[in-house]
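Raw run.cif, mmCIF, C-alpha atoms:
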data_start
loop_
_atom_site.label_atom_id
_atom_site.label_comp_id
_atom_site.auth_asym_id
_atom_site.auth_seq_id
_atom_site.Cartn_x
_atom_site.Cartn_y
_atom_site.Cartn_z
CA MET A 1 33.65 -6.99 11.02
CA PRO A 2 33.29 -3.68 9.10
CA LYS A 3 32.81 -3.98 5.35
CA PRO A 4 35.21 -2.15 2.99
CA ARG A 5 33.82 1.13 1.65
CA LYS A 6 33.87 -0.03 -1.97
CA SER A 7 31.47 -2.87 -1.11
CA LEU A 8 28.96 -0.35 0.31
CA ILE A 9 28.79 1.68 -2.91
CA SER A 10 26.05 0.39 -5.21
CA LEU A 11 25.50 2.72 -8.15
CA GLN A 12 22.62 0.61 -9.45
CA ASP A 13 20.73 1.58 -6.28
CA THR A 14 21.80 5.21 -5.83
CA SER A 15 24.40 7.72 -6.94
CA TYR A 16 24.10 9.79 -3.72
CA TYR A 17 26.22 9.18 -0.61
CA HIS A 18 26.80 10.94 2.72
CA CYS A 19 30.43 10.81 3.87
CA VAL A 20 31.78 11.82 7.29
CA SER A 21 35.45 12.09 8.30
CA ARG A 22 36.44 12.64 11.93
CA CYS A 23 39.70 13.89 13.37
CA VAL A 24 41.45 11.40 15.66
CA ARG A 25 43.44 13.88 17.77
CA ARG A 26 42.55 15.76 20.92
CA ALA A 27 43.29 19.04 19.15
CA PHE A 28 40.58 20.42 16.91
CA LEU A 29 40.59 20.00 13.16
CA CYS A 30 39.54 23.66 13.02
CA GLY A 31 38.54 26.29 15.55
CA GLU A 32 40.62 27.17 18.61
CA ASP A 33 42.45 24.76 20.91
CA LYS A 34 41.40 25.67 24.47
CA PHE A 35 44.58 24.19 25.92
CA THR A 36 47.08 26.16 23.84
CA GLY A 37 44.98 29.06 22.57
CA GLN A 38 46.16 28.35 19.02
CA SER A 39 43.62 28.88 16.26
CA TYR A 40 43.21 26.30 13.50
CA GLU A 41 40.33 28.10 11.82
CA HIS A 42 42.28 28.52 8.57
CA ARG A 43 42.16 24.76 8.03
CA ARG A 44 38.50 25.04 7.10
CA GLY A 45 39.64 26.84 3.96
CA TRP A 46 42.11 24.06 3.18
CA ILE A 47 39.36 21.46 3.25
CA GLU A 48 36.78 23.50 1.36
CA ASP A 49 39.24 24.56 -1.38
CA LYS A 50 40.62 21.03 -1.85
CA MET A 51 37.16 19.44 -1.91
CA LEU A 52 35.83 21.82 -4.58
CA ALA A 53 39.03 21.49 -6.62
CA LEU A 54 38.72 17.69 -6.58
CA ALA A 55 35.09 17.92 -7.72
CA LYS A 56 36.33 19.60 -10.93
CA VAL A 57 38.66 16.65 -11.61
CA PHE A 58 36.50 13.71 -10.49
CA ALA A 59 33.15 12.67 -11.93
CA ILE A 60 31.77 13.39 -8.47
CA ASP A 61 29.51 16.33 -7.64
CA VAL A 62 29.25 18.04 -4.26
CA CYS A 63 25.61 18.42 -3.20
CA ALA A 64 26.16 19.69 0.34
CA TYR A 65 29.01 20.05 2.81
CA ALA A 66 29.86 21.43 6.24
CA VAL A 67 33.33 21.72 7.78
CA MET A 68 32.94 21.39 11.56
CA SER A 69 35.37 21.62 14.50
CA ASN A 70 36.57 18.02 14.44
CA HIS A 71 34.82 16.46 11.45
CA THR A 72 33.52 17.09 7.94
CA HIS A 73 30.21 16.24 6.24
CA LEU A 74 29.88 15.76 2.48
CA VAL A 75 26.87 14.71 0.40
CA LEU A 76 28.29 13.46 -2.91
CA HIS A 77 26.79 12.47 -6.25
CA VAL A 78 28.64 9.99 -8.48
CA ASN A 79 28.22 11.07 -12.10
CA GLU A 80 28.76 7.73 -13.83
CA GLU A 81 27.35 9.00 -17.12
CA GLU A 82 29.86 11.86 -17.29
CA ALA A 83 32.82 9.56 -16.60
CA SER A 84 31.74 7.07 -19.26
CA ASN A 85 31.62 9.85 -21.87
CA TRP A 86 35.19 11.04 -21.31
CA GLY A 87 37.67 10.28 -24.06
CA VAL A 88 41.08 8.75 -23.37
CA LYS A 89 42.82 12.12 -23.41
CA GLN A 90 40.26 13.66 -21.03
CA VAL A 91 40.72 10.85 -18.52
CA LEU A 92 44.51 11.07 -18.63
CA GLU A 93 44.55 14.86 -18.34
CA ARG A 94 42.31 14.71 -15.29
CA TRP A 95 44.35 11.98 -13.63
CA HIS A 96 47.62 13.81 -14.31
CA GLN A 97 46.29 16.75 -12.29
CA LEU A 98 46.42 14.41 -9.28
CA HIS A 99 49.29 11.98 -10.01
CA LYS A 100 52.16 11.48 -12.44
CA GLY A 101 50.69 8.56 -14.40
CA THR A 102 53.06 6.38 -16.41
CA GLN A 103 55.74 7.06 -19.01
CA PHE A 104 53.31 5.83 -21.68
CA THR A 105 50.45 8.09 -20.57
CA ASP A 106 52.92 11.01 -20.55
CA LYS A 107 53.99 10.11 -24.05
CA TYR A 108 50.36 9.83 -25.23
CA LEU A 109 49.53 13.31 -23.92
CA ARG A 110 52.54 14.72 -25.78
CA ASP A 111 51.03 13.29 -29.01
CA GLU A 112 54.17 11.30 -29.79
CA ALA A 113 54.21 8.24 -32.04
CA MET A 114 53.60 5.07 -30.05
CA ALA A 115 53.96 1.34 -30.60
CA GLU A 116 50.96 -0.97 -30.29
CA PHE A 117 52.05 -2.37 -26.91
CA GLU A 118 52.46 1.19 -25.60
CA LEU A 119 48.95 2.13 -26.74
CA ALA A 120 47.57 -1.02 -25.15
CA SER A 121 49.17 0.02 -21.86
CA VAL A 122 47.69 3.53 -22.20
CA TYR A 123 44.17 2.19 -22.80
CA GLU A 124 44.49 -0.16 -19.82
CA SER A 125 45.67 2.72 -17.59
CA CYS A 126 42.85 4.92 -18.91
CA GLU A 127 40.14 2.50 -17.80
CA LYS A 128 41.79 2.08 -14.41
CA TYR A 129 41.94 5.86 -13.95
CA ARG A 130 38.36 6.28 -15.19
CA LYS A 131 37.09 3.97 -12.43
CA ARG A 132 39.13 5.80 -9.82
CA LEU A 133 37.79 9.18 -10.97
CA MET A 134 34.24 8.08 -10.18
CA ASP A 135 35.17 6.30 -6.94
CA ILE A 136 34.11 7.94 -3.66
CA SER A 137 36.89 6.16 -1.75
CA TRP A 138 39.50 7.69 -4.06
CA PHE A 139 37.86 11.11 -3.75
CA MET A 140 37.94 10.96 0.06
CA ARG A 141 41.47 9.61 0.00
CA GLU A 142 42.73 12.51 -2.13
CA LEU A 143 40.94 14.99 0.13
CA ASN A 144 41.89 13.58 3.52
CA GLU A 145 45.50 12.66 2.76
CA SER A 146 46.39 16.11 1.47
CA VAL A 147 44.79 17.85 4.47
CA ALA A 148 46.50 15.44 6.88
CA ARG A 149 49.91 16.15 5.35
CA MET A 150 49.39 19.91 5.61
CA ALA A 151 48.18 19.64 9.22
CA ASN A 152 51.07 17.35 10.22
CA ASN A 153 53.54 19.74 8.64
CA GLU A 154 51.98 22.69 10.48
CA ASP A 155 51.90 20.79 13.80
CA LYS A 156 55.45 19.46 13.24
CA CYS A 157 54.40 15.90 14.03
CA THR A 158 53.66 12.58 12.35
CA GLY A 159 50.94 9.95 12.69
CA ARG A 160 47.24 9.76 12.00
CA PHE A 161 45.24 12.93 11.61
CA TRP A 162 41.91 11.29 10.65
CA GLU A 163 40.23 8.17 11.95
CA GLY A 164 41.13 5.10 9.94
CA ARG A 165 38.05 5.14 7.70
CA PHE A 166 35.46 7.67 6.65
CA LYS A 167 31.82 6.84 7.32
CA SER A 168 29.63 6.29 4.25
CA GLN A 169 25.82 6.23 4.03
CA ALA A 170 23.87 5.39 0.87
CA LEU A 171 20.93 7.76 0.26
CA LEU A 172 18.44 5.53 -1.54
CA ASP A 173 15.54 7.89 -2.31
CA GLU A 174 14.50 11.56 -2.42
CA ALA A 175 13.40 11.64 1.23
CA ALA A 176 16.79 10.34 2.39
CA LEU A 177 18.67 12.75 0.11
CA LEU A 178 16.68 15.83 1.13
CA SER A 179 16.79 15.12 4.85
CA CYS A 180 20.52 14.35 4.76
CA MET A 181 21.32 17.57 2.88
CA ALA A 182 19.30 19.61 5.36
CA TYR A 183 21.01 17.80 8.24
CA VAL A 184 24.43 18.66 6.81
CA ASP A 185 23.59 22.27 5.96
CA LEU A 186 22.18 22.85 9.46
CA ASN A 187 25.09 21.23 11.31
CA PRO A 188 26.77 24.56 12.18
CA VAL A 189 23.45 25.88 13.58
CA ARG A 190 22.78 22.69 15.55
CA ALA A 191 26.30 22.82 17.02
CA LYS A 192 25.75 26.51 18.00
CA MET A 193 28.72 27.52 15.88
CA GLU A 194 26.50 29.82 13.80
CA LEU A 195 23.17 31.57 14.37
CA THR A 196 21.69 31.17 10.88
CA PRO A 197 22.27 29.11 7.71
CA GLU A 198 23.28 32.20 5.70
CA THR A 199 26.11 32.98 8.14
CA SER A 200 27.40 29.39 8.33
CA LYS A 201 30.98 29.73 7.12
CA HIS A 202 32.48 26.85 5.12
CA ALA A 203 29.07 25.25 4.54
CA SER A 204 27.34 24.77 1.20
CA ILE A 205 24.12 26.50 2.28
CA LYS A 206 25.94 29.84 2.72
CA THR A 207 27.46 29.56 -0.77
CA ARG A 208 24.08 28.76 -2.35
CA ILE A 209 22.37 31.69 -0.59
CA GLU A 210 25.12 34.20 -1.46
CA VAL A 211 25.11 33.29 -5.16
CA ALA A 212 21.30 33.29 -5.32
CA LYS A 213 21.17 36.77 -3.72
CA THR A 214 23.85 38.17 -6.05
CA ASN A 215 22.75 37.01 -9.49
CA GLN A 216 19.75 34.70 -9.03
CA THR A 217 21.71 31.68 -10.25
CA GLN A 218 23.37 28.68 -8.61
CA PRO A 219 27.04 28.03 -7.71
CA LYS A 220 29.01 26.40 -10.53
CA ASN A 221 31.02 24.32 -8.08
CA LEU A 222 27.97 22.66 -6.46
CA PHE A 223 25.47 20.18 -7.91
CA PRO A 224 22.50 22.36 -9.01
CA PHE A 225 18.84 22.13 -8.05
CA ILE A 226 16.77 21.52 -11.19
CA GLY A 227 13.28 20.95 -9.80
CA TYR A 228 11.33 18.11 -11.38
CA GLU A 229 13.54 15.90 -13.55
CA ARG A 230 12.90 15.89 -17.30
CA GLU A 231 14.64 14.12 -20.15
CA ASP A 232 15.82 17.37 -21.79
CA GLN A 233 17.39 18.71 -18.57
CA LEU A 234 20.94 18.65 -17.30
CA GLN A 235 21.57 16.44 -14.28
CA GLY A 236 20.84 17.93 -10.89
CA LEU A 237 19.03 17.65 -7.58
CA PRO A 238 15.31 16.84 -8.02
CA PHE A 239 14.06 19.79 -5.95
CA LYS A 240 13.57 23.52 -6.45
CA LEU A 241 16.24 25.70 -4.87
CA THR A 242 13.69 28.10 -3.40
CA ASP A 243 11.77 25.22 -1.79
CA TYR A 244 14.97 23.80 -0.32
CA LEU A 245 16.21 27.11 1.09
CA GLU A 246 12.82 27.76 2.69
CA LEU A 247 12.74 24.27 4.16
CA VAL A 248 16.25 24.63 5.64
CA ASP A 249 15.42 28.04 7.08
CA LEU A 250 12.20 26.82 8.71
CA THR A 251 13.90 23.70 10.07
CA GLY A 252 16.70 25.85 11.45
CA ARG A 253 14.14 27.95 13.30
CA VAL A 254 12.68 24.85 14.91
CA ILE A 255 16.13 23.76 16.10
CA ARG A 256 16.24 27.03 18.05
CA SER A 257 13.53 26.52 20.66
CA ASP A 258 12.61 30.23 20.77
CA LYS A 259 11.35 30.22 17.15
CA ARG A 260 8.88 27.47 16.35
CA GLY A 261 6.60 29.42 14.00
CA ALA A 262 3.69 28.11 11.92
CA LEU A 263 5.63 25.05 10.84
CA ASP A 264 2.95 22.63 9.65
CA ILE A 265 1.53 24.91 6.93
CA SER A 266 4.89 26.15 5.66
CA LEU A 267 6.50 22.74 5.39
CA ALA A 268 3.61 20.94 3.75
CA PRO A 269 4.23 21.13 -0.06
CA ILE A 270 7.72 19.64 -0.42
CA LEU A 271 7.22 17.15 2.40
CA GLN A 272 3.99 15.89 0.84
CA ARG A 273 5.93 15.19 -2.35
CA ILE A 274 8.40 12.93 -0.54
CA ASN A 275 5.69 11.44 1.70
CA LEU A 276 6.96 12.68 5.07
CA THR A 277 4.96 14.21 7.89
CA THR A 278 6.24 17.30 9.68
CA GLU A 279 7.08 15.21 12.74
CA GLN A 280 9.05 12.68 10.68
CA TRP A 281 10.94 15.47 8.89
CA LEU A 282 11.99 17.18 12.12
CA GLU A 283 13.20 13.96 13.70
CA VAL A 284 15.19 12.75 10.71
CA SER A 285 16.68 16.13 9.71
CA THR A 286 17.96 16.85 13.22
CA GLY A 287 19.20 13.35 14.09
CA PHE A 288 20.32 11.81 10.79
CA GLU A 289 23.48 10.06 12.05
CA LYS A 290 21.75 8.98 15.24
CA HIS A 291 19.01 7.08 13.41
CA PHE A 292 20.92 5.68 10.40
CA THR A 293 24.24 4.02 9.59
CA THR A 294 24.97 2.29 6.28
CA ALA A 295 21.99 3.01 4.03
CA ILE A 296 18.85 5.15 4.24
CA GLY A 297 15.63 4.86 2.27
CA SER A 298 12.27 3.15 2.05
CA GLU A 299 11.96 -0.49 3.08
CA ARG A 300 11.75 -1.62 -0.56
CA GLN A 301 14.82 0.38 -1.60
CA LEU A 302 16.72 -0.86 1.43
CA ALA A 303 15.97 -4.48 0.53
CA LYS A 304 17.30 -3.99 -3.02
CA TYR A 305 20.44 -2.27 -1.77
CA CYS A 306 21.19 -5.09 0.70
CA GLU A 307 20.71 -7.68 -2.04
CA HIS A 308 23.13 -5.88 -4.39
CA THR A 309 25.77 -5.27 -1.70
CA HIS A 310 25.38 -8.77 -0.14
CA ILE A 311 24.39 -7.43 3.27
CA LYS A 312 22.32 -10.10 5.03
CA ARG A 313 20.67 -7.94 7.69
CA ARG A 314 18.94 -4.73 6.61
CA PRO A 315 20.50 -1.88 8.63
CA ASN A 316 18.24 0.51 10.58
CA LEU A 317 15.10 -1.12 9.20
CA ALA A 318 12.96 0.05 12.13
CA SER A 319 14.11 3.67 11.73
CA CYS A 320 13.51 3.59 7.97
CA ARG A 321 10.00 2.21 8.50
CA ARG A 322 9.16 4.78 11.15
CA LEU A 323 10.74 7.88 9.62
CA LEU A 324 10.81 7.36 5.84
CA SER A 325 7.70 5.41 4.94
#
Rewritten as structure tokens:
Amino acid sequence: MPKPRKSLISLQDTSYYHCVSRCVRRAFLCGEDKFTGQSYEHRRGWIEDKMLALAKVFAIDVCAYAVMSNHTHLVLHVNEEEASNWGVKQVLERWHQLHKGTQFTDKYLRDEAMAEFELASVYESCEKYRKRLMDISWFMRELNESVARMANNEDKCTGRFWEGRFKSQALLDEAALLSCMAYVDLNPVRAKMELTPETSKHASIKTRIEVAKTNQTQPKNLFPFIGYEREDQLQGLPFKLTDYLELVDLTGRVIRSDKRGALDISLAPILQRINLTTEQWLEVSTGFEKHFTTAIGSERQLAKYCEHTHIKRRPNLASCRRLLS
């Protein structure tokens, strides 16, 4: 029996997760319906805009994303430290951007005088909202429900738009994180929807490249690359942006059989750091969902994760041993 998503999230093991939502209907989520000729391409913008707007409200950062024809990929980072540092007013203001709250939280935000029992109710609501604002299930719920309502309204129908549950994968170490991000960013190229990463519409890699070309910085609405982690640094992805972009570009060339290039030499530095061979990298970055389900990482990290989430049998142990160790 499938385990609930909340039981698969273990922040003591990792703050990075890969989430996939698939459309349940015959008609495309986006793109053009071959049966009717109607284009749904504009729905990509709905998803992208809503996702990035939610990231400003939640203590959840978007590391990578790709909006495909009938599904979406997101690599998310749960920023537990940020959420724990919010004051009561910050939490309530963020939550009220999504939902009404209670009469007491409304009253608190208006700075009105309150009785002790009213304040107690506010503090209780605050902690409940704080947990929700760092919860991946709530993030995906807010994203998918709003898009489903808009699509149902446009299609003049009712019923499910998405499959019942989104798929969640825990990324337990740097190798899992890097390969998953590259897999997501190269999805449009692999699906032959786009020719290159820099032309991949509604994908994070295009946004990163455009901003880097324009002003040599990084997008404010995506989790930044910071290189090697240091105590005096802001939080971010533990890789250099230039290394990552080069790696994605080279991997994208390999996906296209007419451009193999001098791959071994070019890929060596960053892959040596995360202890992957070129062959392992190519296999995992082009078949991430095929090889892995619930959690991805080294055998030791996988054992810890299963202990903390009470999973008796380590998922995809053979693939983790072969591809990530």
Applying 9 Å and all atoms listed in the file, which residues near Pro224 of chain A remain after dropping the ones on its own chain fewer than 5 positions away? List them as a ChimeraX atom specification. /A:63,218-219,235-237,241
Based on the selection just made, write C-alpha atoms of those residues as a PDB file, keeping the file's coordinate frame.
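Dumped to result36.pdb:
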ATOM      1  CA  CYS A  63      25.610  18.420  -3.200  1.00  0.00           C
ATOM      2  CA  GLN A 218      23.370  28.680  -8.610  1.00  0.00           C
ATOM      3  CA  PRO A 219      27.040  28.030  -7.710  1.00  0.00           C
ATOM      4  CA  GLN A 235      21.570  16.440 -14.280  1.00  0.00           C
ATOM      5  CA  GLY A 236      20.840  17.930 -10.890  1.00  0.00           C
ATOM      6  CA  LEU A 237      19.030  17.650  -7.580  1.00  0.00           C
ATOM      7  CA  LEU A 241      16.240  25.700  -4.870  1.00  0.00           C
TER       8      LEU A 241
END
Using all atoms listed in the file, the residue out of A:Glu174, A:Arg22, A:Trp46, A:Leu109 with shortest distance to Arg149 of chain A is A:Trp46
Q | Given all atoms listed in the file as the counted atoms, nearest of A:Ala318, A:Cys126, A:Ile209, A:Leu171 to Glu93 of chain A | A |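 The closest residue to Glu93 of chain A is A:Cys126.
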Correct to one decimal, the distance atom CA of Met68 of chain A-atom CA of Pro188 of chain A is 7.0 Å
key: segment 156-168 of chain A environment, 8 Å, only C-alpha atoms, sequence neighbours closer than 4 positions dropped, as an NGL selection string   = :A and (5 or 8 or 17-25 or 140 or 144 or 148 or 151-152 or 293-294)
Practice problem: Taking the file as shown, find all residues satisfying the PyMOL selection byres ((chain A and resi 186) around 9) and write them as a list in words. | Solution: Ala66, Met181, Ala182, Tyr183, Val184, Asp185, Asn187, Pro188, Val189, Arg190, Ala191, Thr196, Pro197, Ser200, Ala203, Ile205, Val248, Asp249, Thr251, Gly252, Ser285 and Thr286 of chain A
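Among the candidate residues A:His310, A:His291, A:His73, A:Lys100, the one lying nearest to Arg322 of chain A is A:His291, with distances computed using all atoms listed in the file.
One finds atom CA of Leu172 of chain A at 6.3 Å from atom CA of Gln301 of chain A.
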- Straight-line distance linking atom CA of Ala295 of chain A with atom CA of Pro315 of chain A, stated in Å to one decimal: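 Interatomic distance here is 6.9 Å.
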Shortest contact to Ala59 of chain A, candidates A:Asp13, A:Glu80, A:Glu154, A:Glu142, atoms counted all atoms listed in the file, goes to A:Glu80
In terms of only C-alpha atoms, the residue from A:Val88, A:Val67, A:Ala303, A:Met114 at minimal distance from Arg44 of chain A is A:Val67
Please put the answer as lines of an AutoDock Vina configuration file: centre and edge lengths, in Å with one decimal, of a box along x, y and z that encloses all listed atoms of segment 177-192 of chain A plus 8 Å on each side.
center_x = 21.7
center_y = 19.6
center_z = 9.1
size_x = 26.1
size_y = 29.8
size_z = 33.9
